[in-house]
Each structure stands twice: as C-alpha cells, then as structure tokens.
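Visitor: Okay, here's the structure, questions in a sec.
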Amino acid sequence: MERKLGVNTWVWTSPLTDDALPELAARISSLGFTAIELPLENLGDWDPKRTRDVLAKHSLAPVLIGAMSPGRNLVSAPDAEIAATQNYLRGLIDAAATLGATTVAGPFYAATGRTWSMNEVHRRATYSQLRENLAPLAAHAAEQGVALAIEPLNRYETSLINTVDQALDALEPLLGPGLGIALDSYHLNIEEQDIAAAVARATGHIAHVQVCGNDRGTVGADHFDWHGFIRALDLAGYGGPLCVESFTPDNASIAVAASIWRPLASTQDALAADSLGYLKNLQIGGLR
C-alpha cells in the first residue's frame with residue numbers, strides 16, 4: 001500500500017509559528033514530502049486559515065499534533081486543570097477542522113514526562129476518569145469530521161498508556177469516528193514484545209502513524225524491522241500517512257523534553273530526506 005509520506009516541523013523548529021511556516025512548508029515540499037505534521041503547542045501559535053492557504057500552495061496534506069506540556073492532564077489532576085486541558089484539546093479539534101486536517105494526534109491523557117505508580121484498582125479508576133473526560137472531546141471531534149489519535153508513549157514519558165493493549169483497554173468504549181490510536185515506531189520499539197502483533201491488535205482503530213529511527217534519528221539507519229512494520233500496517237488496512245517525527249537539538253526546551261543530547265544526522269534536512277528516500281523505496285517494494 002502506498003501512503004502519503006510526511007514530516008513533523010519539530011525536525012527543524014519549536015514552536016511552529018506563522019512566520020516560520022512558509023519557509024518550512026516550501027522546504028518540506030521541495031524535499032518530496034506530500035504530508036506535514038503541524039504541532040500547535042499553544043493555541044494561537046499559528047493561524048489555521050493562513051496555514052491552510054500555505055499548505056495548499058505546496059500540496060501538503062496536514063496532520064495536527066498536540067503537545068501535553070506540564071499542567072495538561074485529563075486524569076488525577078485538579079478540576080480546573082482538567083477543564084483547561086479539555087479546552088486546549090477542543091481548540092486543537094476546531095483548528096484542525098478549519099485547517100482541513102482530519103487527524104489530531106498526541107498523548108492526550110497526561111502531561112508528557114509525568115509518571116506515577118498504580119496498582120490495578122487505581123489504573124482501572126484512572127482509565128475510567130480518562131474515558132469520562134475524553135468522551136465529550138471525541139463527540140466534538142466526530143461532529144467536526146476530525147479524529148483524535150491517542151498515542152501510547154514509552155515508560156519513561158508516561159506510566160498510563162505504554163502499549164497498544166493498554167490503549168485498547170483504556171479507550172475501547174470511545175473508539176470510533178472521533179477517536180482512534182496513534183502508533184509511533186519509537187515507542188513501539190521500546191514497549192511492544194511483538195510489534196507486528198501489536199499493530200494487528202490495533203486493526204480498525206489506527207488513526208495515525210509516526211516513524212523515526214530507533215534512536216529518534218533517520219528511518220532505515222537503525223535496527224527497527226521496517227519491512228515487518230510496513231507489512232503489518234498493510235495487513236491492518238492502514239492507508240493514512242507515515243510521518244517522520246524527530247526533533248531539533250538546537251531548541252533547548254524541546255531537546256530536554258525529547259532527550260535529544262546529540263545530533264542525530266549530519267543535518268536536519270538530511271534526516272528528513274534520507275528517511276523519505278528509505279520509506280519511498282520500502283513502500284514500492286524496493287527493500288522487501
């Protein structure tokens with residue numbers, strides 16, 4: 001199955017702004033990508049209507065990405081904090097609808113980096129609270145023709161949802177037109193014992209897929225089983241984009257958040273371009 005191939009603007013900058021977007025969109029298009037991941041770290045960082053026009057000029061299909069920064073939580077937090085997080089996510093959905101994006105992806109349950117120990121009773125209660133607080137957002141997303149794609153993260157970034165099975169367990173009653181699962185090869189590589197089997201279990205609920213090398217660098221310059229992963233996505237019927245998500249080491253805050261302590265390629269352009277080339281060959285069968 002041949003999919004659109006995209007890249008996240010976090011490869012080059014954070015936060016994304018109206019001033020930075022035109023040059024980045026032109027660069028991403030010139031590299032050969034046909035999709036783009038647009039982080040909206042805070043509502044108002046960039047204008048959806050203006051962005052829609054910029055992307056149309058370069059024929060780039062948009063995916064909107066949210067950021068669960070400190071203080072953004074839908075569980076085990078004060079009511080005011082949960083309400084503010086819901087307002088942020090509702091704003092992402094509305095921005096996506098204006099932009100023309102059908103997917104908003106991210107770990108929409110707790111602040112990234114927040115971890116705590118839970119016994120089974122506590123986990124059940126926390127998942128119940130998550131469903132209660134996500135339900136109105138999933139309904140709003142469905143009304144807007146948008147899907148929230150909830151991303152499991154590795155154990156060092158969250159203690160709540162690390163695996164596909166946990167995502168299914170936490171989200172199952174809500175899974176549908178307004179809510180699905182986002183798969184990220186970086187987190188799958190750490191947490192899943194059998195990645196292809198995990199993808200298979202997510203069949204019918206995969207709303208978005210992000211890719212990068214197992215070191216957060218170049219796709220294909222690593223030990224990840226890309227052939228098996230793409231075959232698993234084919235079998236699962238996922239036809240959405242594959243988007244390269246990595247991060248610039250030049251922004252201090254994002255480098256700390258993503259633990260990027262060294263350059264992951266000779267240049268950020270090379271990381272993107274080499275990933276794209278590998279994925280193109282993989283999709284057309286050249287590397288199978």
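Letters A, B, ... go to the chains of the structure tokens in the order shown; residues in each chain start at 1; ligands are counted from 1 in the same order.
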Near Asn42 (chain A), within 12 Å and counting only C-alpha atoms, which residues show up once chain neighbours fewer than 3 positions away are dropped, as a ChimeraX atom specification?
Guide: /A:14-17,38-39,45-47,65-69,72,84-85,87-89,91-92,95
Visitor: For the residues selected in the previous step, produce a file with N, CA, C and O atoms as a PDB file, in the first residue's frame.
Guide:
```pdb
ATOM      1  N   SER A  14      10.822  24.712  17.033  1.00  0.00           N
ATOM      2  CA  SER A  14       9.763  24.692  18.057  1.00  0.00           C
ATOM      3  C   SER A  14       9.796  26.028  18.791  1.00  0.00           C
ATOM      4  O   SER A  14      10.869  26.500  19.162  1.00  0.00           O
ATOM      5  N   PRO A  15       8.628  26.629  19.002  1.00  0.00           N
ATOM      6  CA  PRO A  15       7.312  26.261  18.478  1.00  0.00           C
ATOM      7  C   PRO A  15       7.160  26.699  17.033  1.00  0.00           C
ATOM      8  O   PRO A  15       7.834  27.626  16.568  1.00  0.00           O
ATOM      9  N   LEU A  16       6.246  26.042  16.320  1.00  0.00           N
ATOM     10  CA  LEU A  16       5.901  26.467  14.963  1.00  0.00           C
ATOM     11  C   LEU A  16       5.109  27.766  15.043  1.00  0.00           C
ATOM     12  O   LEU A  16       4.235  27.918  15.896  1.00  0.00           O
ATOM     13  N   THR A  17       5.398  28.697  14.137  1.00  0.00           N
ATOM     14  CA  THR A  17       4.710  29.991  14.111  1.00  0.00           C
ATOM     15  C   THR A  17       4.328  30.346  12.678  1.00  0.00           C
ATOM     16  O   THR A  17       4.828  29.754  11.713  1.00  0.00           O
ATOM     17  N   LEU A  38       1.869  19.323  11.885  1.00  0.00           N
ATOM     18  CA  LEU A  38       1.916  20.698  12.374  1.00  0.00           C
ATOM     19  C   LEU A  38       1.647  20.715  13.875  1.00  0.00           C
ATOM     20  O   LEU A  38       0.497  20.595  14.309  1.00  0.00           O
ATOM     21  N   PRO A  39       2.672  20.848  14.713  1.00  0.00           N
ATOM     22  CA  PRO A  39       2.421  20.978  16.152  1.00  0.00           C
ATOM     23  C   PRO A  39       1.783  22.325  16.474  1.00  0.00           C
ATOM     24  O   PRO A  39       2.211  23.364  15.957  1.00  0.00           O
ATOM     25  N   ASP A  45      -0.495  29.910  18.277  1.00  0.00           N
ATOM     26  CA  ASP A  45       0.873  29.944  17.754  1.00  0.00           C
ATOM     27  C   ASP A  45       0.882  30.189  16.254  1.00  0.00           C
ATOM     28  O   ASP A  45       1.788  30.852  15.724  1.00  0.00           O
ATOM     29  N   TRP A  46      -0.089  29.640  15.554  1.00  0.00           N
ATOM     30  CA  TRP A  46      -0.246  29.887  14.120  1.00  0.00           C
ATOM     31  C   TRP A  46      -1.720  29.886  13.771  1.00  0.00           C
ATOM     32  O   TRP A  46      -2.542  29.311  14.466  1.00  0.00           O
ATOM     33  N   ASP A  47      -2.048  30.552  12.670  1.00  0.00           N
ATOM     34  CA  ASP A  47      -3.434  30.740  12.263  1.00  0.00           C
ATOM     35  C   ASP A  47      -3.854  29.639  11.291  1.00  0.00           C
ATOM     36  O   ASP A  47      -3.228  29.465  10.238  1.00  0.00           O
ATOM     37  N   ILE A  65      -0.797  18.172  15.395  1.00  0.00           N
ATOM     38  CA  ILE A  65      -0.171  17.499  16.531  1.00  0.00           C
ATOM     39  C   ILE A  65      -0.321  18.356  17.779  1.00  0.00           C
ATOM     40  O   ILE A  65      -0.048  19.561  17.751  1.00  0.00           O
ATOM     41  N   GLY A  66      -0.762  17.743  18.875  1.00  0.00           N
ATOM     42  CA  GLY A  66      -0.864  18.448  20.145  1.00  0.00           C
ATOM     43  C   GLY A  66       0.311  18.135  21.053  1.00  0.00           C
ATOM     44  O   GLY A  66       1.002  17.128  20.885  1.00  0.00           O
ATOM     45  N   ALA A  67       0.534  18.999  22.016  1.00  0.00           N
ATOM     46  CA  ALA A  67       1.640  18.837  22.960  1.00  0.00           C
ATOM     47  C   ALA A  67       1.096  18.862  24.379  1.00  0.00           C
ATOM     48  O   ALA A  67       0.445  19.829  24.777  1.00  0.00           O
ATOM     49  N   MET A  68       1.351  17.789  25.117  1.00  0.00           N
ATOM     50  CA  MET A  68       0.896  17.716  26.504  1.00  0.00           C
ATOM     51  C   MET A  68       2.007  18.200  27.420  1.00  0.00           C
ATOM     52  O   MET A  68       2.739  17.431  28.032  1.00  0.00           O
ATOM     53  N   SER A  69       2.129  19.493  27.481  1.00  0.00           N
ATOM     54  CA  SER A  69       3.165  20.126  28.303  1.00  0.00           C
ATOM     55  C   SER A  69       2.761  20.078  29.776  1.00  0.00           C
ATOM     56  O   SER A  69       1.621  19.719  30.105  1.00  0.00           O
ATOM     57  N   ARG A  72      -0.972  19.985  31.648  1.00  0.00           N
ATOM     58  CA  ARG A  72      -2.050  19.482  30.784  1.00  0.00           C
ATOM     59  C   ARG A  72      -2.329  18.027  31.141  1.00  0.00           C
ATOM     60  O   ARG A  72      -1.523  17.133  30.849  1.00  0.00           O
ATOM     61  N   ALA A  84      -9.089  23.040  31.703  1.00  0.00           N
ATOM     62  CA  ALA A  84      -8.205  23.797  30.816  1.00  0.00           C
ATOM     63  C   ALA A  84      -7.619  22.889  29.730  1.00  0.00           C
ATOM     64  O   ALA A  84      -7.472  23.303  28.573  1.00  0.00           O
ATOM     65  N   THR A  85      -7.297  21.653  30.094  1.00  0.00           N
ATOM     66  CA  THR A  85      -6.778  20.699  29.112  1.00  0.00           C
ATOM     67  C   THR A  85      -7.843  20.353  28.088  1.00  0.00           C
ATOM     68  O   THR A  85      -7.562  20.274  26.883  1.00  0.00           O
ATOM     69  N   ASN A  87     -10.246  22.305  27.164  1.00  0.00           N
ATOM     70  CA  ASN A  87     -10.382  23.490  26.319  1.00  0.00           C
ATOM     71  C   ASN A  87      -9.265  23.542  25.272  1.00  0.00           C
ATOM     72  O   ASN A  87      -9.498  23.917  24.110  1.00  0.00           O
ATOM     73  N   TYR A  88      -8.057  23.179  25.672  1.00  0.00           N
ATOM     74  CA  TYR A  88      -6.934  23.131  24.728  1.00  0.00           C
ATOM     75  C   TYR A  88      -7.212  22.110  23.632  1.00  0.00           C
ATOM     76  O   TYR A  88      -7.066  22.402  22.429  1.00  0.00           O
ATOM     77  N   LEU A  89      -7.643  20.906  24.015  1.00  0.00           N
ATOM     78  CA  LEU A  89      -7.898  19.859  23.028  1.00  0.00           C
ATOM     79  C   LEU A  89      -9.076  20.228  22.123  1.00  0.00           C
ATOM     80  O   LEU A  89      -9.056  19.951  20.922  1.00  0.00           O
ATOM     81  N   GLY A  91      -9.803  23.211  21.288  1.00  0.00           N
ATOM     82  CA  GLY A  91      -9.214  24.190  20.370  1.00  0.00           C
ATOM     83  C   GLY A  91      -8.425  23.532  19.253  1.00  0.00           C
ATOM     84  O   GLY A  91      -8.448  23.997  18.108  1.00  0.00           O
ATOM     85  N   LEU A  92      -7.722  22.427  19.573  1.00  0.00           N
ATOM     86  CA  LEU A  92      -6.997  21.690  18.538  1.00  0.00           C
ATOM     87  C   LEU A  92      -7.966  21.123  17.505  1.00  0.00           C
ATOM     88  O   LEU A  92      -7.707  21.170  16.297  1.00  0.00           O
ATOM     89  N   ALA A  95      -9.213  23.893  15.331  1.00  0.00           N
ATOM     90  CA  ALA A  95      -8.159  24.333  14.414  1.00  0.00           C
ATOM     91  C   ALA A  95      -7.989  23.340  13.274  1.00  0.00           C
ATOM     92  O   ALA A  95      -7.810  23.730  12.114  1.00  0.00           O
TER      93      ALA A  95
END
```
Visitor: Taking 6 positions as the minimum chain separation for residues in the same chain, which residues sit within 10 Å of region 217-230 of chain A when counting only C-alpha atoms? Answer as a PyMOL selection string.
Guide: chain A and resi 1+11+185-186+188-189+195-197+199+211+236+238+242+244-247+260+263-265+268+270-279+282-283+285+287-288
Visitor: For those residues, write N, CA, C and O atoms to a file as a short mmCIF file (atom, residue, chain, number, x, y, z; two decimals), in the first residue's frame.
Guide:
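Final output, saved to again.cif:
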```cif
data_model
loop_
_atom_site.label_atom_id
_atom_site.label_comp_id
_atom_site.auth_asym_id
_atom_site.auth_seq_id
_atom_site.Cartn_x
_atom_site.Cartn_y
_atom_site.Cartn_z
N MET A 1 0.85 -1.19 0.00
CA MET A 1 0.00 0.00 0.00
C MET A 1 0.89 1.25 0.00
O MET A 1 1.83 1.34 0.78
N VAL A 11 11.25 18.68 13.48
CA VAL A 11 12.58 18.32 12.99
C VAL A 11 13.47 19.56 12.90
O VAL A 11 14.68 19.50 13.11
N SER A 185 6.63 4.45 15.93
CA SER A 185 7.61 3.36 15.89
C SER A 185 8.62 3.45 17.03
O SER A 185 9.11 2.43 17.51
N TYR A 186 8.95 4.66 17.46
CA TYR A 186 9.92 4.83 18.56
C TYR A 186 9.41 4.19 19.84
O TYR A 186 10.13 3.45 20.51
N LEU A 188 6.80 2.00 20.08
CA LEU A 188 6.56 0.58 19.83
C LEU A 188 7.83 -0.23 20.03
O LEU A 188 7.82 -1.33 20.59
N ASN A 189 8.96 0.30 19.55
CA ASN A 189 10.24 -0.41 19.63
C ASN A 189 10.66 -0.66 21.07
O ASN A 189 11.31 -1.67 21.38
N ILE A 195 5.93 -6.31 17.63
CA ILE A 195 5.37 -5.09 17.05
C ILE A 195 4.30 -5.41 16.01
O ILE A 195 3.23 -4.79 16.00
N ALA A 196 4.55 -6.38 15.15
CA ALA A 196 3.56 -6.73 14.13
C ALA A 196 2.26 -7.19 14.77
O ALA A 196 1.16 -6.83 14.32
N ALA A 197 2.37 -7.98 15.83
CA ALA A 197 1.16 -8.46 16.52
C ALA A 197 0.43 -7.30 17.18
O ALA A 197 -0.81 -7.28 17.21
N VAL A 199 0.39 -4.17 16.13
CA VAL A 199 -0.29 -3.46 15.04
C VAL A 199 -1.57 -4.21 14.65
O VAL A 199 -2.63 -3.60 14.44
N VAL A 211 6.87 7.76 12.46
CA VAL A 211 8.05 6.91 12.30
C VAL A 211 9.32 7.70 12.54
O VAL A 211 9.37 8.91 12.30
N ALA A 236 -3.20 -4.53 8.37
CA ALA A 236 -4.20 -3.86 9.23
C ALA A 236 -5.09 -2.91 8.44
O ALA A 236 -6.07 -2.38 8.98
N TYR A 238 -4.24 0.03 7.20
CA TYR A 238 -3.99 1.45 7.45
C TYR A 238 -3.53 2.13 6.17
O TYR A 238 -2.48 1.78 5.61
N LEU A 242 2.40 8.14 6.67
CA LEU A 242 3.52 7.84 7.56
C LEU A 242 4.30 9.13 7.73
O LEU A 242 4.77 9.69 6.73
N VAL A 244 7.40 11.30 9.58
CA VAL A 244 8.66 11.28 10.32
C VAL A 244 8.57 12.28 11.46
O VAL A 244 8.37 13.47 11.24
N GLU A 245 8.74 11.77 12.68
CA GLU A 245 8.76 12.65 13.86
C GLU A 245 10.12 12.54 14.54
O GLU A 245 10.45 11.52 15.13
N SER A 246 10.89 13.60 14.42
CA SER A 246 12.12 13.73 15.19
C SER A 246 12.18 15.17 15.66
O SER A 246 11.21 15.93 15.48
N PHE A 247 13.30 15.56 16.24
CA PHE A 247 13.35 16.85 16.92
C PHE A 247 14.69 17.52 16.70
O PHE A 247 15.72 16.86 16.58
N ILE A 260 17.11 14.78 23.41
CA ILE A 260 17.98 14.83 22.25
C ILE A 260 19.28 15.51 22.68
O ILE A 260 19.36 16.74 22.77
N PRO A 263 23.51 15.46 17.89
CA PRO A 263 22.93 15.46 16.55
C PRO A 263 22.61 14.03 16.12
O PRO A 263 23.39 13.10 16.35
N LEU A 264 21.45 13.85 15.48
CA LEU A 264 21.02 12.52 15.05
C LEU A 264 21.27 12.28 13.57
O LEU A 264 21.02 11.19 13.06
N ALA A 265 21.78 13.30 12.87
CA ALA A 265 22.13 13.18 11.45
C ALA A 265 23.09 14.32 11.13
O ALA A 265 23.30 15.22 11.95
N GLN A 268 19.54 18.41 9.75
CA GLN A 268 18.12 18.07 9.90
C GLN A 268 17.48 17.79 8.54
O GLN A 268 16.61 16.92 8.42
N ALA A 270 19.02 16.37 6.08
CA ALA A 270 19.46 15.03 5.71
C ALA A 270 18.63 13.97 6.44
O ALA A 270 18.27 12.94 5.86
N LEU A 271 18.33 14.22 7.72
CA LEU A 271 17.49 13.28 8.47
C LEU A 271 16.15 13.10 7.77
O LEU A 271 15.67 11.96 7.58
N ALA A 272 15.55 14.21 7.36
CA ALA A 272 14.25 14.14 6.70
C ALA A 272 14.36 13.49 5.33
O ALA A 272 13.58 12.59 4.99
N ALA A 273 15.31 13.93 4.52
CA ALA A 273 15.43 13.45 3.15
C ALA A 273 15.79 11.98 3.10
O ALA A 273 15.24 11.21 2.29
N ASP A 274 16.72 11.54 3.94
CA ASP A 274 17.13 10.14 3.93
C ASP A 274 16.00 9.24 4.43
O ASP A 274 15.81 8.12 3.93
N SER A 275 15.25 9.71 5.42
CA SER A 275 14.08 8.96 5.89
C SER A 275 13.06 8.82 4.77
O SER A 275 12.49 7.74 4.54
N LEU A 276 12.81 9.91 4.05
CA LEU A 276 11.85 9.89 2.96
C LEU A 276 12.28 8.90 1.88
O LEU A 276 11.47 8.10 1.38
N GLY A 277 13.55 8.96 1.51
CA GLY A 277 14.03 8.05 0.47
C GLY A 277 13.87 6.59 0.86
O GLY A 277 13.45 5.76 0.04
N TYR A 278 14.19 6.27 2.10
CA TYR A 278 14.05 4.90 2.56
C TYR A 278 12.58 4.46 2.54
O TYR A 278 12.25 3.36 2.09
N LEU A 279 11.70 5.31 3.04
CA LEU A 279 10.29 4.97 3.09
C LEU A 279 9.70 4.82 1.69
O LEU A 279 8.88 3.93 1.44
N LEU A 282 10.80 1.51 0.40
CA LEU A 282 10.14 0.45 1.16
C LEU A 282 8.71 0.26 0.69
O LEU A 282 8.24 -0.87 0.52
N GLN A 283 8.02 1.36 0.46
CA GLN A 283 6.61 1.27 0.06
C GLN A 283 6.42 0.70 -1.34
O GLN A 283 5.43 0.00 -1.61
N GLY A 285 8.37 -1.46 -2.63
CA GLY A 285 8.86 -2.83 -2.65
C GLY A 285 10.33 -2.98 -2.93
O GLY A 285 10.84 -4.10 -2.98
N LEU A 287 12.85 -2.50 -1.09
CA LEU A 287 13.68 -3.00 0.01
C LEU A 287 13.11 -4.27 0.61
O LEU A 287 13.55 -4.72 1.65
N ARG A 288 12.09 -4.87 -0.01
CA ARG A 288 11.48 -6.05 0.57
C ARG A 288 12.21 -7.30 0.10
O ARG A 288 12.77 -7.33 -0.97
#
```
Visitor: I need the strand (DSSP E or B) residues of region 86-154 of chain A per DSSP on the backbone, written as a list in words.
Guide: Thr103, Val104, Ala105, Gly106, Arg114, Ala147, Leu148, Ala149 and Ile150 of chain A
Visitor: Could you give me, as a ChimeraX atom specification, the residues within 6 Å of region 169-183 of chain A, counting only C-alpha atoms and dropping anything in the same chain fewer than 5 positions from it?
Guide: /A:127,138,141-142,147-151,205-209
Visitor: Got time to write the residues from that selection, all heavy atoms, as a compact mmCIF listing (two decimals), in the first residue's frame?
Guide:
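So the final result, stored in out39.txt, reads:
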```
# COMPACT_ATOMS: atom_id res chain seq x y z
N TYR A 127 -8.34 4.97 34.24
CA TYR A 127 -8.86 4.78 32.88
C TYR A 127 -10.32 5.22 32.79
O TYR A 127 -10.74 5.80 31.79
CB TYR A 127 -8.73 3.33 32.45
CG TYR A 127 -7.34 2.89 32.04
CD1 TYR A 127 -7.07 1.56 31.72
CD2 TYR A 127 -6.28 3.80 31.95
CE1 TYR A 127 -5.80 1.14 31.34
CE2 TYR A 127 -5.01 3.39 31.59
CZ TYR A 127 -4.78 2.06 31.28
OH TYR A 127 -3.52 1.64 30.90
N ALA A 138 -14.25 13.44 22.10
CA ALA A 138 -14.42 12.52 20.99
C ALA A 138 -15.70 12.84 20.23
O ALA A 138 -15.73 12.78 18.99
CB ALA A 138 -14.43 11.08 21.51
N ALA A 141 -15.10 15.97 18.22
CA ALA A 141 -14.24 15.67 17.07
C ALA A 141 -15.06 15.02 15.96
O ALA A 141 -14.94 15.38 14.78
CB ALA A 141 -13.09 14.76 17.49
N ALA A 142 -15.89 14.05 16.32
CA ALA A 142 -16.71 13.37 15.32
C ALA A 142 -17.64 14.35 14.60
O ALA A 142 -17.82 14.28 13.38
CB ALA A 142 -17.51 12.25 15.97
N ALA A 147 -10.63 13.13 13.86
CA ALA A 147 -10.38 12.04 14.81
C ALA A 147 -9.23 12.42 15.73
O ALA A 147 -8.16 12.84 15.26
CB ALA A 147 -10.05 10.74 14.09
N LEU A 148 -9.44 12.30 17.02
CA LEU A 148 -8.34 12.37 17.99
C LEU A 148 -7.60 11.03 17.94
O LEU A 148 -8.22 9.97 18.06
CB LEU A 148 -8.87 12.60 19.40
CG LEU A 148 -9.40 13.99 19.75
CD1 LEU A 148 -10.03 13.96 21.14
CD2 LEU A 148 -8.28 15.02 19.71
N ALA A 149 -6.30 11.08 17.74
CA ALA A 149 -5.47 9.87 17.70
C ALA A 149 -4.62 9.84 18.96
O ALA A 149 -3.69 10.64 19.11
CB ALA A 149 -4.59 9.86 16.45
N ILE A 150 -4.97 8.93 19.88
CA ILE A 150 -4.32 8.87 21.19
C ILE A 150 -3.06 8.01 21.11
O ILE A 150 -3.12 6.84 20.72
CB ILE A 150 -5.28 8.30 22.25
CG1 ILE A 150 -6.62 9.04 22.23
CG2 ILE A 150 -4.63 8.38 23.63
CD1 ILE A 150 -6.55 10.51 22.53
N GLU A 151 -1.94 8.58 21.50
CA GLU A 151 -0.63 7.95 21.31
C GLU A 151 -0.09 7.32 22.58
O GLU A 151 0.14 8.02 23.57
CB GLU A 151 0.36 9.00 20.81
CG GLU A 151 1.77 8.49 20.57
CD GLU A 151 2.74 9.60 20.22
OE1 GLU A 151 2.34 10.78 20.26
OE2 GLU A 151 3.90 9.29 19.91
N HIS A 205 -8.55 0.64 14.30
CA HIS A 205 -8.51 1.80 15.21
C HIS A 205 -7.28 2.66 15.00
O HIS A 205 -7.08 3.62 15.75
CB HIS A 205 -8.56 1.32 16.66
CG HIS A 205 -9.74 0.47 16.99
ND1 HIS A 205 -11.03 0.90 16.82
CD2 HIS A 205 -9.82 -0.81 17.45
CE1 HIS A 205 -11.88 -0.06 17.18
NE2 HIS A 205 -11.17 -1.10 17.55
N ILE A 206 -6.45 2.36 14.00
CA ILE A 206 -5.22 3.13 13.78
C ILE A 206 -5.57 4.42 13.04
O ILE A 206 -5.97 4.40 11.87
CB ILE A 206 -4.19 2.31 12.97
CG1 ILE A 206 -3.90 0.98 13.65
CG2 ILE A 206 -2.90 3.12 12.83
CD1 ILE A 206 -3.05 0.03 12.81
N ALA A 207 -5.44 5.52 13.73
CA ALA A 207 -5.81 6.82 13.15
C ALA A 207 -4.61 7.58 12.61
O ALA A 207 -4.78 8.49 11.79
CB ALA A 207 -6.53 7.67 14.19
N HIS A 208 -3.40 7.24 13.05
CA HIS A 208 -2.20 7.93 12.58
C HIS A 208 -0.98 7.10 12.91
O HIS A 208 -0.99 6.32 13.88
CB HIS A 208 -2.09 9.32 13.22
CG HIS A 208 -0.99 10.16 12.63
ND1 HIS A 208 -0.89 10.40 11.27
CD2 HIS A 208 0.07 10.80 13.20
CE1 HIS A 208 0.17 11.16 11.04
NE2 HIS A 208 0.75 11.42 12.19
N VAL A 209 0.09 7.27 12.11
CA VAL A 209 1.34 6.55 12.33
C VAL A 209 2.51 7.51 12.18
O VAL A 209 2.61 8.23 11.17
CB VAL A 209 1.49 5.36 11.35
CG1 VAL A 209 2.87 4.70 11.52
CG2 VAL A 209 0.39 4.33 11.58
```
Visitor: Out of A:Asn281, A:Thr103, A:Thr203, A:Gln129, which residue has the shortest atom-to-atom distance to Gly237 (chain A) when counting only C-alpha atoms?
Guide: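 Of A:Asn281, A:Thr103, A:Thr203, A:Gln129, the one nearest Gly237 (chain A), counting only C-alpha atoms, is A:Thr203.
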Visitor: Calculate how many Å separate CA of Asp269 (chain A) from CA of Trp12 (chain A), rounding to one decimal.
Guide: 8.2 Å
Visitor: Out of A:Pro62, A:Glu132, A:Asn8, A:Val54, which residue has the shortest atom-to-atom distance to Ala25 (chain A) when counting only C-alpha atoms?
Guide: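 Closest to Ala25 (chain A) of all the choices is A:Val54.
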Visitor: Just how far from CA of Ile190 (chain A) is CA of Asp234 (chain A), in Å to one decimal?
Guide: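 Between CA of Asp234 (chain A) and CA of Ile190 (chain A) the gap works out to 21.8 Å.
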Visitor: CA of Asp165 (chain A) and CA of Ser76 (chain A) are how many Å apart?
Guide: 21.3 Å
